[in-house]
Amino acid sequence: MKFQKTNIGQAAKLLADNNRIALFAHTNPDGDTVGACVALCLALRKAGHVCEVFCDSDLGSSIAKFEETSIIRKQFVGEYDLFVAVDCGDIFRTGEFAKLYDGFERTLTIDHHCGQFYSRFNCLYDYASTCQMVYEILHQMGLTPDSTVATYLYMGLCTDTGNFMNRNTDKASFVMAGELLDLGADITKVCRTFFREKTLVKTRLIGRALNKLRVYDDGQVVLLYITQNDLADIGAELTDTSVLVNFAVDVDTARVGIAITECKKDEFKVSMRGKDVCVRLVCEEFGGGGHDLAAGCKLQGPLEEVIDNLRTEIRNRHVKRLRKGKCTIEM
Ligand code: AMP
Ligand code: MN
Ligand code: MN
C-alpha cells in the first residue's frame with residue numbers, strides 16, 4: 001500500500017466522494033476522539049452519507065452524558081467504502097479494530113499527533129485538537145455544523161486544550177470557540193461535564209490516590225498510583241483514573257506528573273504530563289507516545305520496578321526542557 005500525505009482539502013474531498021464511511025475512535029476514548037467522531041458522523045449523515053462510529057472501549061460516564069454518543073458501537077457491522085481513524089496516533093490506538101483496519105484498502109487518518117503514516121491517506125497536522133481539523137474539513141465540504149455538531153466539536157477543542165490553558169492553545173482555538181458559540185454549542189454543559197463535575201466514585205478515587213502520593217527528585221517528579229485493589233474497593237472503572245495525572249502535575253514543584261493505573265496484575269497504564277519536560281520522549285522509550293507535554297505508555301512488571309524504570313528513564317536519558325518548542329536542555 002502506498003502511504004500518501006493528504007491535506008485538509010483532500011480529506012474533505014475524500015469524505016465527500018465516499019458514500020459509506022466507518023469512523024474509528026481510539027481506545028480509552030477522550031473528549032477529542034469522541035467529539036470528532038460524533039461531530040463528523042452526524043454531519044456526514046445529515047449530508048446523506050451512511051456513517052457509523054466504532055470504538056473498542058466503553059465510554060466514560062462523563063462522556064456518556066452526551067446522548068448522541070449512544071451511536072458509538074463496540075461491534076463492527078456494515079460495509080464501507082472508506083475507513084477513517086480519528087485522533088489515533090498509531091494504528092494500535094484503534095484497539096481490536098487494528099487488524100480489520102490494516103486489512104482494508106481505502107483508509108484515511110485524521111489526527112493531530114503528527115505520528116506514523118499507517119493509512120493510505122494521512123491527514124496529519126499539528127493542530128491543538130482533532131476537532132479543529134474536523135471543523136475545517138466540514139467547512140471545506142460546505143457543511144455548517146448545527147448546534148449538536150458544534151457542541152461535539154467544542155468537546156474536543158475544550159478538552160485537548162485543557163479548557164484553553166495548555167500550551168497548544170492558539171488563536172485559532174479561540175476563534176473556533178467563538179464561532180462554535182455562535183452556532184449554538186452548549187459550552188456550559190461541556191465545561192461542567194469535563195472540568196467541574198466528578199462522580200462520587202471518581203472523587204473517592206482522587207482521595208485514595210492523593211493519600212499515597214509520592215514525591216521524587218526534590219518534588220520535581222510527583223507520582224500517583226492506583227491498584228486493582230483500589231479500583232475494586234472503591235467500585236471505580238479504569239476510565240475513572242484519567243483525572244489523576246493532573247493532581248500530580250499540579251503540585252507547584254512538579255515538572256513531571258505521573259499517574260499509574262494497574263490494568264491487570266503486573267500490567268500498568270502510565271499517564272504523564274510535563275510542565276517544561278518532554279514526557280513524550282520518556283513514553284516513547286517504553287513503546288508509548290503522545291504529545292511533548294502529555295503522553296502515555298503501558299508497562300509490565302511489579303509496581304516498584306515500573307516506578308524505578310520510569311524514574312531512571314526520566315533522570316538519566318530523556319528529561320529535557322522545552323525551549324521554543326524544541327527539547328534542548330537536560331534537567
Ligand atoms: P493520557 O495520559 O491517557 O491522557 O494520554 C495522553 C496522550 O498520550 C494522548 O495524546 C494519547 O494519545 C497518548 N497516549 C496515551 N497512552 C498511549 C500509549 N499507550 N501509546 C501511545 N500513545 C499514548
Ligand atoms: Mn485523544
Ligand atoms: Mn486529540
# chains A, B, ... in the order shown; residues from 1 in each chain; ligands from 1
$ select_by_dssp --residues "stretch 95-169 of chain A" --states "alpha helix (DSSP H)" --output "count of residues only"
30
$ residues_near_ligand --ligand "ligand 2" --cutoff "6 Å" --atoms "only C-alpha atoms and all ligand atoms" --output "list in words"
Asp30, Asp32, Thr33 and Asp87 of chain A
$ residues_around --residues "stretch 185-197 of chain A" --least-positions-apart "4" --cutoff "8 Å" --atoms "only C-alpha atoms" --output "ChimeraX atom specification"
/A:62-63,147-152,154-155,158-159,163,180-181
$ closest_residue --among "A:Gly235, A:Gly95, A:Gly89, A:Pro145" --to "ligand 1" --atoms "only C-alpha atoms and all ligand atoms"
A:Gly89
$ residues_near_ligand --ligand "ligand 1" --cutoff "6 Å" --atoms "only C-alpha atoms and all ligand atoms" --output "ChimeraX atom specification"
/A:271-272,288-291,294-298
$ residues_near_ligand --ligand "ligand 3" --cutoff "10 Å" --atoms "only C-alpha atoms and all ligand atoms" --output "PDB file with N, CA and C atoms, in the first residue's frame"
ATOM      1  N   HIS A  26     -10.229   6.191  19.276  1.00  0.00           N
ATOM      2  CA  HIS A  26      -9.189   5.416  19.955  1.00  0.00           C
ATOM      3  C   HIS A  26      -9.698   4.782  21.247  1.00  0.00           C
ATOM      4  N   PRO A  29     -11.375   6.211  25.204  1.00  0.00           N
ATOM      5  CA  PRO A  29     -11.685   7.420  24.436  1.00  0.00           C
ATOM      6  C   PRO A  29     -11.764   8.680  25.289  1.00  0.00           C
ATOM      7  N   ASP A  30     -11.279   9.778  24.720  1.00  0.00           N
ATOM      8  CA  ASP A  30     -11.338  11.074  25.403  1.00  0.00           C
ATOM      9  C   ASP A  30     -12.308  11.995  24.652  1.00  0.00           C
ATOM     10  N   GLY A  31     -12.420  13.222  25.126  1.00  0.00           N
ATOM     11  CA  GLY A  31     -13.366  14.173  24.537  1.00  0.00           C
ATOM     12  C   GLY A  31     -13.047  14.498  23.084  1.00  0.00           C
ATOM     13  N   ASP A  32     -11.772  14.418  22.718  1.00  0.00           N
ATOM     14  CA  ASP A  32     -11.401  14.792  21.353  1.00  0.00           C
ATOM     15  C   ASP A  32     -11.786  13.708  20.354  1.00  0.00           C
ATOM     16  N   THR A  33     -11.444  12.462  20.648  1.00  0.00           N
ATOM     17  CA  THR A  33     -11.758  11.394  19.689  1.00  0.00           C
ATOM     18  C   THR A  33     -13.272  11.207  19.583  1.00  0.00           C
ATOM     19  N   VAL A  34     -13.964  11.270  20.718  1.00  0.00           N
ATOM     20  CA  VAL A  34     -15.426  11.122  20.711  1.00  0.00           C
ATOM     21  C   VAL A  34     -16.082  12.334  20.049  1.00  0.00           C
ATOM     22  N   GLY A  35     -15.624  13.532  20.438  1.00  0.00           N
ATOM     23  CA  GLY A  35     -16.190  14.759  19.862  1.00  0.00           C
ATOM     24  C   GLY A  35     -16.028  14.782  18.347  1.00  0.00           C
ATOM     25  N   ALA A  36     -14.812  14.444  17.883  1.00  0.00           N
ATOM     26  CA  ALA A  36     -14.531  14.498  16.447  1.00  0.00           C
ATOM     27  C   ALA A  36     -15.338  13.436  15.694  1.00  0.00           C
ATOM     28  N   VAL A  86      -9.658   8.331  13.664  1.00  0.00           N
ATOM     29  CA  VAL A  86      -9.796   9.716  14.124  1.00  0.00           C
ATOM     30  C   VAL A  86      -9.068   9.909  15.456  1.00  0.00           C
ATOM     31  N   ASP A  87      -8.089  10.822  15.485  1.00  0.00           N
ATOM     32  CA  ASP A  87      -7.350  11.118  16.728  1.00  0.00           C
ATOM     33  C   ASP A  87      -6.512   9.916  17.186  1.00  0.00           C
ATOM     34  N   CYS A  88      -6.107   9.083  16.241  1.00  0.00           N
ATOM     35  CA  CYS A  88      -5.310   7.884  16.564  1.00  0.00           C
ATOM     36  C   CYS A  88      -3.884   8.060  16.033  1.00  0.00           C
ATOM     37  N   GLY A  89      -2.924   8.259  16.927  1.00  0.00           N
ATOM     38  CA  GLY A  89      -1.524   8.487  16.538  1.00  0.00           C
ATOM     39  C   GLY A  89      -0.869   7.269  15.914  1.00  0.00           C
ATOM     40  N   ASP A 111      -5.698  13.217  12.213  1.00  0.00           N
ATOM     41  CA  ASP A 111      -5.093  13.223  13.542  1.00  0.00           C
ATOM     42  C   ASP A 111      -4.111  14.375  13.725  1.00  0.00           C
ATOM     43  N   HIS A 112      -3.967  14.798  14.968  1.00  0.00           N
ATOM     44  CA  HIS A 112      -3.087  15.937  15.265  1.00  0.00           C
ATOM     45  C   HIS A 112      -1.848  15.509  16.055  1.00  0.00           C
ATOM     46  N   HIS A 113      -1.570  14.191  16.098  1.00  0.00           N
ATOM     47  CA  HIS A 113      -0.372  13.743  16.822  1.00  0.00           C
ATOM     48  C   HIS A 113       0.879  13.777  15.956  1.00  0.00           C
ATOM     49  N   TYR A 127      -2.341  20.487  14.926  1.00  0.00           N
ATOM     50  CA  TYR A 127      -3.413  21.308  15.477  1.00  0.00           C
ATOM     51  C   TYR A 127      -3.522  21.022  16.976  1.00  0.00           C
ATOM     52  N   ALA A 128      -4.241  21.910  17.692  1.00  0.00           N
ATOM     53  CA  ALA A 128      -4.424  21.705  19.129  1.00  0.00           C
ATOM     54  C   ALA A 128      -5.352  20.521  19.403  1.00  0.00           C
ATOM     55  N   SER A 129      -6.255  20.241  18.475  1.00  0.00           N
ATOM     56  CA  SER A 129      -7.166  19.103  18.660  1.00  0.00           C
ATOM     57  C   SER A 129      -7.600  18.564  17.300  1.00  0.00           C
ATOM     58  N   THR A 130      -8.004  17.296  17.287  1.00  0.00           N
ATOM     59  CA  THR A 130      -8.526  16.718  16.043  1.00  0.00           C
ATOM     60  C   THR A 130      -9.843  17.398  15.673  1.00  0.00           C
ATOM     61  N   CYS A 131     -10.597  17.825  16.703  1.00  0.00           N
ATOM     62  CA  CYS A 131     -11.860  18.508  16.420  1.00  0.00           C
ATOM     63  C   CYS A 131     -11.651  19.773  15.584  1.00  0.00           C
ATOM     64  N   GLN A 132     -10.506  20.430  15.787  1.00  0.00           N
ATOM     65  CA  GLN A 132     -10.197  21.625  15.000  1.00  0.00           C
ATOM     66  C   GLN A 132     -10.013  21.235  13.521  1.00  0.00           C
ATOM     67  N   GLY A 156     -14.025  18.427  21.963  1.00  0.00           N
ATOM     68  CA  GLY A 156     -12.625  18.077  21.689  1.00  0.00           C
ATOM     69  C   GLY A 156     -11.702  19.269  21.820  1.00  0.00           C
ATOM     70  N   LEU A 157     -12.176  20.410  21.322  1.00  0.00           N
ATOM     71  CA  LEU A 157     -11.368  21.640  21.381  1.00  0.00           C
ATOM     72  C   LEU A 157     -11.061  21.986  22.838  1.00  0.00           C
ATOM     73  N   THR A 159     -11.384  20.019  25.620  1.00  0.00           N
ATOM     74  CA  THR A 159     -10.676  19.033  26.448  1.00  0.00           C
ATOM     75  C   THR A 159      -9.202  18.917  26.054  1.00  0.00           C
ATOM     76  N   ASP A 160      -8.899  18.928  24.757  1.00  0.00           N
ATOM     77  CA  ASP A 160      -7.498  18.766  24.355  1.00  0.00           C
ATOM     78  C   ASP A 160      -6.647  20.012  24.617  1.00  0.00           C
ATOM     79  N   THR A 161      -7.283  21.159  24.784  1.00  0.00           N
ATOM     80  CA  THR A 161      -6.519  22.357  25.162  1.00  0.00           C
ATOM     81  C   THR A 161      -6.533  22.549  26.682  1.00  0.00           C
ATOM     82  N   GLY A 290       2.486  10.145  22.311  1.00  0.00           N
ATOM     83  CA  GLY A 290       1.604  11.246  22.678  1.00  0.00           C
ATOM     84  C   GLY A 290       2.177  12.569  22.242  1.00  0.00           C
ATOM     85  N   HIS A 291       1.978  13.586  23.062  1.00  0.00           N
ATOM     86  CA  HIS A 291       2.469  14.930  22.755  1.00  0.00           C
ATOM     87  C   HIS A 291       3.650  15.243  23.667  1.00  0.00           C
TER      88      HIS A 291
END
$ closest_residue --among "A:Phe286, A:Phe164, A:Phe83, A:Tyr225" --to "A:Ala177" --atoms "only C-alpha atoms"
A:Phe164
$ select_by_dssp --residues "stretch 15-77 of chain A" --states "strand (DSSP E)" --output "list in words"
Arg20, Ile21, Ala22, Leu23, Phe24, Val50, Cys51, Glu52, Val53, Phe54, Ile72 and Arg73 of chain A
$ closest_residue --among "A:Ile91, A:Ala64, A:Leu299, A:Ile314" --to "A:Cys263" --atoms "only C-alpha atoms"
A:Leu299
$ atom_distance --atom1 "atom CA of A:Ile21" --atom2 "atom CA of A:Asp81"
6.1 Å
$ closest_residue --among "A:Val175, A:Ser119, A:Phe66, A:Val243" --to "A:Leu205" --atoms "only C-alpha atoms"
A:Val243
$ residues_around --residues "A:Asp58" --least-positions-apart "5" --cutoff "9 Å" --atoms "only C-alpha atoms" --output "VMD selection string"
chain A and resid 27 to 29 74 239
$ write_last_selection --atoms "all heavy atoms" --output "mmCIF file, in the first residue's frame"
data_model
loop_
_atom_site.group_PDB
_atom_site.id
_atom_site.type_symbol
_atom_site.label_atom_id
_atom_site.label_comp_id
_atom_site.auth_asym_id
_atom_site.auth_seq_id
_atom_site.Cartn_x
_atom_site.Cartn_y
_atom_site.Cartn_z
ATOM 1 N N THR A 27 -8.967 3.756 21.724
ATOM 2 C CA THR A 27 -9.339 3.079 22.958
ATOM 3 C C THR A 27 -9.178 4.067 24.122
ATOM 4 O O THR A 27 -8.481 5.072 23.999
ATOM 5 C CB THR A 27 -8.445 1.847 23.212
ATOM 6 O OG1 THR A 27 -7.086 2.281 23.169
ATOM 7 C CG2 THR A 27 -8.654 0.781 22.165
ATOM 8 N N ASN A 28 -9.790 3.751 25.260
ATOM 9 C CA ASN A 28 -9.862 4.709 26.375
ATOM 10 C C ASN A 28 -10.218 6.093 25.827
ATOM 11 O O ASN A 28 -9.441 7.033 25.944
ATOM 12 C CB ASN A 28 -8.538 4.791 27.141
ATOM 13 C CG ASN A 28 -8.136 3.445 27.686
ATOM 14 O OD1 ASN A 28 -8.973 2.715 28.201
ATOM 15 N ND2 ASN A 28 -6.878 3.101 27.545
ATOM 16 N N PRO A 29 -11.375 6.211 25.204
ATOM 17 C CA PRO A 29 -11.685 7.420 24.436
ATOM 18 C C PRO A 29 -11.764 8.680 25.289
ATOM 19 O O PRO A 29 -12.214 8.634 26.435
ATOM 20 C CB PRO A 29 -13.052 7.098 23.832
ATOM 21 C CG PRO A 29 -13.638 6.079 24.727
ATOM 22 C CD PRO A 29 -12.497 5.257 25.238
ATOM 23 N N LYS A 74 -19.467 -0.878 19.674
ATOM 24 C CA LYS A 74 -18.273 -1.656 20.046
ATOM 25 C C LYS A 74 -18.043 -2.816 19.079
ATOM 26 O O LYS A 74 -16.937 -3.318 18.953
ATOM 27 C CB LYS A 74 -18.431 -2.211 21.464
ATOM 28 C CG LYS A 74 -17.598 -1.480 22.498
ATOM 29 C CD LYS A 74 -17.870 -2.017 23.882
ATOM 30 C CE LYS A 74 -16.632 -2.643 24.482
ATOM 31 N NZ LYS A 74 -16.857 -3.029 25.886
ATOM 32 N N THR A 239 -11.546 3.988 33.374
ATOM 33 C CA THR A 239 -11.748 5.328 32.799
ATOM 34 C C THR A 239 -11.821 6.418 33.883
ATOM 35 O O THR A 239 -11.574 7.584 33.598
ATOM 36 C CB THR A 239 -13.046 5.399 31.966
ATOM 37 O OG1 THR A 239 -14.103 4.850 32.748
ATOM 38 C CG2 THR A 239 -12.931 4.635 30.672
#
$ closest_residue --among "A:Val50, A:Leu183, A:Ile226, A:Met1" --to "A:Asp146" --atoms "only C-alpha atoms"
A:Leu183
$ residues_around --residues "A:Phe268" --least-positions-apart "3" --cutoff "9 Å" --atoms "only C-alpha atoms" --output "PyMOL selection string"
chain A and resi 227+260-265+297-301+303+306
$ write_last_selection --atoms "N, CA, C and O atoms" --output "PDB file, in the first residue's frame"
ATOM      1  N   THR A 227      -4.113   0.799  42.319  1.00  0.00           N
ATOM      2  CA  THR A 227      -4.020  -0.640  42.042  1.00  0.00           C
ATOM      3  C   THR A 227      -5.400  -1.215  41.715  1.00  0.00           C
ATOM      4  O   THR A 227      -6.423  -0.542  41.908  1.00  0.00           O
ATOM      5  N   ILE A 260      -0.144   6.220  37.536  1.00  0.00           N
ATOM      6  CA  ILE A 260      -0.008   4.824  37.129  1.00  0.00           C
ATOM      7  C   ILE A 260      -1.244   4.061  37.579  1.00  0.00           C
ATOM      8  O   ILE A 260      -1.636   4.148  38.738  1.00  0.00           O
ATOM      9  N   THR A 261      -1.857   3.347  36.640  1.00  0.00           N
ATOM     10  CA  THR A 261      -3.017   2.528  36.985  1.00  0.00           C
ATOM     11  C   THR A 261      -2.732   1.071  36.647  1.00  0.00           C
ATOM     12  O   THR A 261      -2.295   0.772  35.534  1.00  0.00           O
ATOM     13  N   GLU A 262      -2.988   0.204  37.606  1.00  0.00           N
ATOM     14  CA  GLU A 262      -2.823  -1.238  37.353  1.00  0.00           C
ATOM     15  C   GLU A 262      -4.049  -1.737  36.589  1.00  0.00           C
ATOM     16  O   GLU A 262      -5.158  -1.745  37.125  1.00  0.00           O
ATOM     17  N   CYS A 263      -3.852  -2.130  35.313  1.00  0.00           N
ATOM     18  CA  CYS A 263      -4.977  -2.613  34.485  1.00  0.00           C
ATOM     19  C   CYS A 263      -5.294  -4.056  34.824  1.00  0.00           C
ATOM     20  O   CYS A 263      -6.450  -4.439  34.948  1.00  0.00           O
ATOM     21  N   LYS A 264      -4.273  -4.912  34.885  1.00  0.00           N
ATOM     22  CA  LYS A 264      -4.392  -6.239  35.483  1.00  0.00           C
ATOM     23  C   LYS A 264      -3.081  -6.510  36.208  1.00  0.00           C
ATOM     24  O   LYS A 264      -2.193  -5.646  36.176  1.00  0.00           O
ATOM     25  N   LYS A 265      -2.983  -7.679  36.819  1.00  0.00           N
ATOM     26  CA  LYS A 265      -1.793  -7.925  37.648  1.00  0.00           C
ATOM     27  C   LYS A 265      -0.507  -7.691  36.857  1.00  0.00           C
ATOM     28  O   LYS A 265      -0.315  -8.238  35.779  1.00  0.00           O
ATOM     29  N   CYS A 297       2.039   5.495  28.155  1.00  0.00           N
ATOM     30  CA  CYS A 297       2.615   4.222  27.710  1.00  0.00           C
ATOM     31  C   CYS A 297       2.073   3.117  28.603  1.00  0.00           C
ATOM     32  O   CYS A 297       1.364   3.383  29.582  1.00  0.00           O
ATOM     33  N   LYS A 298       2.393   1.877  28.232  1.00  0.00           N
ATOM     34  CA  LYS A 298       1.998   0.724  29.055  1.00  0.00           C
ATOM     35  C   LYS A 298       3.259   0.014  29.503  1.00  0.00           C
ATOM     36  O   LYS A 298       4.197  -0.137  28.712  1.00  0.00           O
ATOM     37  N   LEU A 299       3.300  -0.410  30.758  1.00  0.00           N
ATOM     38  CA  LEU A 299       4.492  -1.093  31.267  1.00  0.00           C
ATOM     39  C   LEU A 299       4.090  -2.347  32.028  1.00  0.00           C
ATOM     40  O   LEU A 299       3.016  -2.388  32.637  1.00  0.00           O
ATOM     41  N   GLN A 300       4.969  -3.351  31.980  1.00  0.00           N
ATOM     42  CA  GLN A 300       4.699  -4.584  32.713  1.00  0.00           C
ATOM     43  C   GLN A 300       5.739  -4.786  33.799  1.00  0.00           C
ATOM     44  O   GLN A 300       6.847  -4.266  33.704  1.00  0.00           O
ATOM     45  N   GLY A 301       5.364  -5.558  34.810  1.00  0.00           N
ATOM     46  CA  GLY A 301       6.303  -5.853  35.899  1.00  0.00           C
ATOM     47  C   GLY A 301       5.701  -5.461  37.219  1.00  0.00           C
ATOM     48  O   GLY A 301       4.643  -4.839  37.251  1.00  0.00           O
ATOM     49  N   LEU A 303       4.969  -3.264  40.470  1.00  0.00           N
ATOM     50  CA  LEU A 303       4.811  -1.807  40.534  1.00  0.00           C
ATOM     51  C   LEU A 303       6.112  -1.072  40.832  1.00  0.00           C
ATOM     52  O   LEU A 303       6.459  -0.106  40.163  1.00  0.00           O
ATOM     53  N   VAL A 306       8.355  -0.912  37.912  1.00  0.00           N
ATOM     54  CA  VAL A 306       7.826   0.013  36.905  1.00  0.00           C
ATOM     55  C   VAL A 306       8.176   1.450  37.279  1.00  0.00           C
ATOM     56  O   VAL A 306       8.652   2.235  36.459  1.00  0.00           O
TER      57      VAL A 306
END
$ closest_residue --among "A:Leu310, A:Cys55, A:Leu213, A:Val84" --to "A:Asp102" --atoms "only C-alpha atoms"
A:Val84
$ atom_distance --atom1 "atom CA of A:Tyr125" --atom2 "atom CA of A:Asp170"
14.1 Å
